Amino acid sequence: MQNPHVHDVGTAGFPAAVVERSHQVPVLVDFWATWCGPCRALGPILEKLAGEFNGGFELVKVDTDAEQALAAEFQIRSIPTVMLFRDGARVAGFPGALPEAQIRRFLADHGVEAGSPQAVVWSSDPVARLQQLRTMVAEHPERASLQLDLAVALAESGIDDEATIALEALPVAVYGDPKAKRARARVALRALIAGRPEPDAVRTGGDAILRGDATAGFTLLLEALRDDKTDERSPARLALVESLQLVEDEEAVRDARRRMASVLF
């Protein structure tokens, strides 16, 4: 049975099959030729992985003998050569016929994951969803996106010790994801305001940020900063830095940055 995720493509079909398609899913391009022994060794491995990943990436095969102009455009000097495309651009690649284990590592390092074998209906209950994520990560430890979702859910649930461990253990492909940065900021902000006396502008402002009230939170934290702006490690300044990472409202963040600069300078 033909693998639906493997395609033979020429110059005319390359823009649609690779450049445009890579905006929806990673595309791996295998530049090869029929006379090339290493190509014949690598090809079946790539096709096997394309089937196993079940839509996690598309494999496009380009015969360099038949498509010499395309090979010249990408400066193919030896075959096989493999290139990974994402969001319309070439982002990585490797020359030669690597062993399967190294190809799997290459895919993992660049955030290419297996397609989901079935649709998952996530629970609307945070506790139940957290348990679903724990189960899915245990069943699919290779899926970086699931690891990220679990770490974020732990942070949002206030399980900060476990969240910190999960966030620091994230694969390189998702370590710097905006969701991971916001989760780290959430954990750090909660730690900053923990144990502060009541009433306290830093604590009250941080609580407001954590509740999603950016307007009140930034106002309170900026007032606290006015009272203690000489120390670069002051609780108010540190809480503001974390809050700026956590809040998703870009307009509120821009306004808070402007007001913070006015207070400091």
# chains A, B, ... in the order shown; residues from 1 in each chain; ligands from 1
>>> residues_around(residues="stretch 209-222 of chain A", least_positions_apart="4", cutoff="9 Å", atoms="only C-alpha atoms", output="list of chain:residue names")
A:Arg186, A:Leu189, A:Arg190, A:Ala201, A:Val202, A:Arg203, A:Thr204, A:Gly205, A:Arg226, A:Asp227, A:Ala236, A:Arg237, A:Ala239, A:Leu240, A:Ser243, A:Leu244, A:Leu246, A:Val247, A:Asp249, A:Ala252, A:Val253, A:Ala256, A:Arg259, A:Met260, A:Val263
>>> closest_atom_pairs(of="stretch 127-217 of chain A", to="stretch 106-116 of chain A", cutoff="12 Å", atoms="only C-alpha atoms", output="JSON lines")
{"residue": "A:Met136", "atom": "CA", "partner": "A:Ser116", "partner_atom": "CA", "distance": 10.6}
{"residue": "A:Glu139", "atom": "CA", "partner": "A:Ser116", "partner_atom": "CA", "distance": 11.6}
{"residue": "A:His140", "atom": "CA", "partner": "A:Ala114", "partner_atom": "CA", "distance": 9.2}
{"residue": "A:Pro141", "atom": "CA", "partner": "A:Glu113", "partner_atom": "CA", "distance": 10.5}
{"residue": "A:Glu142", "atom": "CA", "partner": "A:Glu113", "partner_atom": "CA", "distance": 7.3}
{"residue": "A:Arg143", "atom": "CA", "partner": "A:Glu113", "partner_atom": "CA", "distance": 5.7}
{"residue": "A:Ala144", "atom": "CA", "partner": "A:Gly111", "partner_atom": "CA", "distance": 6.9}
{"residue": "A:Ser145", "atom": "CA", "partner": "A:Glu113", "partner_atom": "CA", "distance": 8.2}
{"residue": "A:Leu146", "atom": "CA", "partner": "A:Glu113", "partner_atom": "CA", "distance": 10.1}
{"residue": "A:Gln147", "atom": "CA", "partner": "A:Glu113", "partner_atom": "CA", "distance": 11.8}
{"residue": "A:Leu148", "atom": "CA", "partner": "A:Gly111", "partner_atom": "CA", "distance": 11.6}
{"residue": "A:Leu170", "atom": "CA", "partner": "A:Gly111", "partner_atom": "CA", "distance": 11.3}
{"residue": "A:Pro171", "atom": "CA", "partner": "A:Asp109", "partner_atom": "CA", "distance": 7.5}
{"residue": "A:Val172", "atom": "CA", "partner": "A:Asp109", "partner_atom": "CA", "distance": 6.6}
{"residue": "A:Ala173", "atom": "CA", "partner": "A:Gly111", "partner_atom": "CA", "distance": 4.9}
{"residue": "A:Val174", "atom": "CA", "partner": "A:Gly111", "partner_atom": "CA", "distance": 7.3}
{"residue": "A:Tyr175", "atom": "CA", "partner": "A:Gly111", "partner_atom": "CA", "distance": 10.5}
{"residue": "A:Gly176", "atom": "CA", "partner": "A:Gly111", "partner_atom": "CA", "distance": 11.9}
{"residue": "A:Asp177", "atom": "CA", "partner": "A:Gly111", "partner_atom": "CA", "distance": 11.2}
>>> residues_around(residues="A:Asp161", least_positions_apart="6", cutoff="12 Å", atoms="only C-alpha atoms", output="list of chain:residue names")
A:Ala151, A:Leu154, A:Ala155, A:Leu167, A:Glu168, A:Arg184, A:Val187, A:Ala188, A:Arg190, A:Ala191
>>> write_last_selection(atoms="N, CA and C atoms", output="PDB file, in the first residue's frame")
ATOM      1  N   ALA A 151       3.839  20.439  31.471  1.00  0.00           N
ATOM      2  CA  ALA A 151       4.559  21.409  32.309  1.00  0.00           C
ATOM      3  C   ALA A 151       3.716  22.657  32.537  1.00  0.00           C
ATOM      4  N   LEU A 154       0.867  21.891  34.968  1.00  0.00           N
ATOM      5  CA  LEU A 154       1.366  21.818  36.336  1.00  0.00           C
ATOM      6  C   LEU A 154       1.532  23.214  36.919  1.00  0.00           C
ATOM      7  N   ALA A 155       2.094  24.126  36.118  1.00  0.00           N
ATOM      8  CA  ALA A 155       2.286  25.505  36.585  1.00  0.00           C
ATOM      9  C   ALA A 155       0.949  26.179  36.845  1.00  0.00           C
ATOM     10  N   LEU A 167       9.554  21.909  33.420  1.00  0.00           N
ATOM     11  CA  LEU A 167       9.918  23.005  32.527  1.00  0.00           C
ATOM     12  C   LEU A 167      11.403  22.986  32.180  1.00  0.00           C
ATOM     13  N   GLU A 168      12.241  22.665  33.169  1.00  0.00           N
ATOM     14  CA  GLU A 168      13.680  22.618  32.903  1.00  0.00           C
ATOM     15  C   GLU A 168      14.079  21.385  32.109  1.00  0.00           C
ATOM     16  N   ARG A 184       7.153  29.471  33.296  1.00  0.00           N
ATOM     17  CA  ARG A 184       8.268  29.754  34.213  1.00  0.00           C
ATOM     18  C   ARG A 184       8.014  31.058  34.977  1.00  0.00           C
ATOM     19  N   VAL A 187       5.443  30.487  37.783  1.00  0.00           N
ATOM     20  CA  VAL A 187       6.034  29.831  38.948  1.00  0.00           C
ATOM     21  C   VAL A 187       6.923  30.808  39.717  1.00  0.00           C
ATOM     22  N   ALA A 188       7.737  31.582  38.990  1.00  0.00           N
ATOM     23  CA  ALA A 188       8.650  32.520  39.640  1.00  0.00           C
ATOM     24  C   ALA A 188       7.893  33.619  40.366  1.00  0.00           C
ATOM     25  N   ARG A 190       4.854  33.460  41.596  1.00  0.00           N
ATOM     26  CA  ARG A 190       4.218  32.896  42.783  1.00  0.00           C
ATOM     27  C   ARG A 190       5.233  32.745  43.917  1.00  0.00           C
ATOM     28  N   ALA A 191       6.454  32.359  43.580  1.00  0.00           N
ATOM     29  CA  ALA A 191       7.499  32.214  44.595  1.00  0.00           C
ATOM     30  C   ALA A 191       7.879  33.567  45.185  1.00  0.00           C
TER      31      ALA A 191
END
>>> residues_around(residues="stretch 55-61 of chain A", least_positions_apart="5", cutoff="8 Å", atoms="only C-alpha atoms", output="ChimeraX atom specification")
/A:5-9,17-18,25-32,46-47,50,112-115
